[in-house]
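Here is the structure we will look at.
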There are 2 protein chains.
Amino acid sequence: MDEPREDADPDSPEGRGGAAAVIPAAGRGSGRAGLDRRRILGAAVEFIDSQGLGALTMRRLGAHLGVEAMALYRYVPSRENLLDGVVETVIDELYGDPDVHLEPGHGWQDYLQRLAHGVRRIALAHPEVFPLVATRPPAAPWVRPPLRSLRWVESFLVALIDSGFSQEAAVSAYRAYSSFLLGHLLLEVSQKGVAVNAEDKPEGVPEAQEATDLSQYPTVVRLESLLSLDESAAEFEEALENLLERLEIVLREGRTPRRGDSRD
Amino acid sequence: MDEPREDADPDSPEGRGGAAAVIPAAGRGSGRAGLDRRRILGAAVEFIDSQGLGALTMRRLGAHLGVEAMALYRYVPSRENLLDGVVETVIDELYGDPDVHLEPGHGWQDYLQRLAHGVRRIALAHPEVFPLVATRPPAAPWVRPPLRSLRWVESFLVALIDSGFSQEAAVSAYRAYSSFLLGHLLLEVSQKGVAVNAEDKPEGVPEAQEATDLSQYPTVVRLESLLSLDESAAEFEEALENLLERLEIVLREGRTPRRGDSRD
DNA sequence: CGGCTTCCGTTTACGAGGTAAACGGGCGGG
DNA sequence: CCCGCCCGTTTACCTCGTAAACGGAAGCCG
């Protein structure tokens, strides 16, 4: 177990300020009394981060805030809406990220790089929240997770169009980019989740057969150490760069990527 | 609004046998009485497909099978386990897909193409189930959704290695492929879900402001029709081909893609 | 200063969901 | 014929989300 720790990852919470900071939200203990939507959402994020999404109930969240469950309903119309708010809260951390800019100052590649890493940082800081980001139905069909805020969609499109992308190419890029981020990050956090579960779940109860007849899958067995290697950061970087290269080509050729290649 | 209907999509349920077939499972009506795990899981998939994941409760599923909720517990230890079973059931449809082969007969590209389309078909046939496929914690950290079955992981790795990929490259390809499938398909089904919700949810209740001050997002407004265009099939194809090209390069160069770019 | 409104957290209550436990009827083997 | 097992049912308990009524504190107006 002396693999080089992959915690040199620039997007991992430990690798940075150790934030997972959520939001200022009136320091607990000072003006403690006032309940409000922001404080509730912040507490919910915190709660999910520490106890897991499954543990979040209105009563428990209330207790966490020193209040009865029903008090929350004064500020949050329903649990569903609260979850939407959680997603929004977490995504809004992008605004507070000094490395991510709403406007591209150093070209669109720099912009997309920073944005992608910003989202990845959020995903890694809130792995329990990210599945929510990924699966909650967005407000409009064309708002695609994980960039669920109109402001970022607008920013994204403007950045690319101003850099010379055609409208079609910009929209197409938006889709490819979303899908890349979503797939990669969802996989990364779910893998992390499993790893965590696997490590603190070695319960005394013997689970029938732990290793299902792995004998049938010799290649999997042989490659297990490779498969278990966590190279998420490098993979992310590589896939991202590849995507950017693709977009570069689209931009240079000044056309919608690969239209009319369906053979009908 | 006379865009060419994208229902020429070869993976959409309507475009094929209209299956969404689940599993044979002892023809309903003949030996009707016998409850068993397979029948329950099949019914659960069917139920989720038609009523949505949120509507699935043990009592309702029981009713759907003409039985009390508690009867299910004779065959299924818990609701959680039932959901795992649902995921497995749905992914197992790959075995019944005549266009997908466990062994590559016509090269690895053909293999990956068929597999990808097979998974896409499943996602489109069971859009309400797919988020489960995407987010349920896999059995082992290195089993990555949406290919959650060891058999397919084994098959995938063997296919690539037999085609000349190094072990590292095969594993790396497995990851890139998983992430691509997951991101693209999750986005595609969630978008479909939203579209469906948007179309049969025009409730009489006026929702405060339907269109949030869209005026602040002029580009989004201007590109709305482009953004709303559903070109999932073409995008899928393009991204898949791009991925295959990338892999091809890796294969030709006979090396792990981009190793040693961490500077230790 | 007294009373009234408004705000906001609490109490109470209900229906629904997951599931443990006890129950009971039918059926196959002695 | 009886016994025990298989399997669906009944009952019951606890947790949830949330509606509705409640009650006190804080501010406003006279």
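Identifiers for the structure tokens are assigned positionally: chains receive A, B, ... in sequence, residues are indexed from 1 per chain, and ligands are indexed from 1 in the order shown.
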Exercise: DA12 in chain D partners within 10 Å, only C-alpha atoms (C1' of nucleotides), chain neighbours under 2 positions left out, as a list in words: DA20 and DA21 of chain C; DT10 and DC14 of chain D
Using the selection just defined, write its residues with C-alpha atoms (C1' of nucleotides) as an mmCIF file, in the first residue's frame.
data_model
loop_
_atom_site.group_PDB
_atom_site.id
_atom_site.type_symbol
_atom_site.label_atom_id
_atom_site.label_comp_id
_atom_site.auth_asym_id
_atom_site.auth_seq_id
_atom_site.Cartn_x
_atom_site.Cartn_y
_atom_site.Cartn_z
ATOM 1 C "C1'" DA C 20 -40.456 -7.347 11.725
ATOM 2 C "C1'" DA C 21 -43.278 -10.810 13.566
ATOM 3 C "C1'" DT D 10 -52.398 -9.695 8.922
ATOM 4 C "C1'" DC D 14 -41.361 3.293 13.614
#
Arg151 in chain B surroundings by only C-alpha atoms (C1' of nucleotides), 9 Å radius, close-in-sequence under 3 positions cut, as an mmCIF file with C-alpha atoms, in the first residue's frame:
data_model
loop_
_atom_site.group_PDB
_atom_site.id
_atom_site.type_symbol
_atom_site.label_atom_id
_atom_site.label_comp_id
_atom_site.auth_asym_id
_atom_site.auth_seq_id
_atom_site.Cartn_x
_atom_site.Cartn_y
_atom_site.Cartn_z
ATOM 1 C CA GLN A 216 -14.754 -16.924 -13.841
ATOM 2 C CA TYR A 217 -13.235 -13.587 -14.619
ATOM 3 C CA LEU B 102 -19.685 -11.008 -25.757
ATOM 4 C CA ARG B 148 -21.923 -3.040 -13.973
ATOM 5 C CA GLU B 154 -14.162 -9.250 -18.383
ATOM 6 C CA SER B 155 -15.448 -9.388 -21.915
ATOM 7 C CA PHE B 156 -14.415 -5.801 -22.579
#
Contacts from chain C to chain B, 10 Å maximum, only C-alpha atoms (C1' of nucleotides): show me the residue list as number ranges by chain. C: 16-19
Keeping N, CA and C atoms (P, O5', C5', C4', C3', O3' and C1' of nucleotides) for every residue in the selection just given, could you write it to a file as a CSV table (one decimal), in the first residue's frame?
chain,number,residue,atom,x,y,z
C,16,DA,P,-52.8,7.4,2.4
C,16,DA,O5',-51.3,7.1,2.3
C,16,DA,C5',-50.4,8.0,1.7
C,16,DA,C4',-49.0,7.6,1.8
C,16,DA,C3',-48.8,6.1,1.4
C,16,DA,O3',-47.7,6.1,0.5
C,16,DA,C1',-47.9,6.6,3.6
C,17,DG,P,-47.4,4.8,-0.3
C,17,DG,O5',-46.0,4.3,0.3
C,17,DG,C5',-44.9,5.3,0.3
C,17,DG,C4',-43.9,4.8,1.3
C,17,DG,C3',-43.6,3.3,1.2
C,17,DG,O3',-42.2,3.1,0.7
C,17,DG,C1',-43.9,3.9,3.5
C,18,DG,P,-41.8,1.6,0.4
C,18,DG,O5',-41.0,1.2,1.8
C,18,DG,C5',-39.8,1.8,2.0
C,18,DG,C4',-39.2,1.1,3.3
C,18,DG,C3',-38.9,-0.4,3.1
C,18,DG,O3',-37.7,-0.7,3.7
C,18,DG,C1',-40.4,0.0,4.9
C,19,DT,P,-37.1,-2.2,3.6
C,19,DT,O5',-37.7,-2.9,4.8
C,19,DT,C5',-37.3,-2.5,6.1
C,19,DT,C4',-38.1,-3.2,7.1
C,19,DT,C3',-38.2,-4.8,7.0
C,19,DT,O3',-38.0,-5.3,8.3
C,19,DT,C1',-40.3,-4.0,7.3
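The two atoms in question, CA of Ser166 in chain B and CA of Glu253 in chain B, are spaced 10.5 Å apart.
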Ranking A:Val143, A:Arg39, A:Phe165, A:Val76 by minimum distance to chain D and counting only C-alpha atoms (C1' of nucleotides), which one comes first? A:Val76
Range 1-11 of chain C: which residues within 8 Å, counting only C-alpha atoms (C1' of nucleotides), same-chain residues fewer than 3 positions away excluded, as a compact mmCIF listing (two decimals) with C-alpha atoms (C1' of nucleotides), in the first residue's frame?
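Below is the file that was written, part12.txt:
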# COMPACT_ATOMS: atom_id res chain seq x y z
CA VAL A 67 -35.03 23.50 15.52
CA GLU A 68 -38.10 21.37 14.89
CA ALA A 71 -39.76 25.28 11.27
CA ARG A 74 -41.41 28.50 6.82
C1' DC D 22 -51.16 26.98 18.39
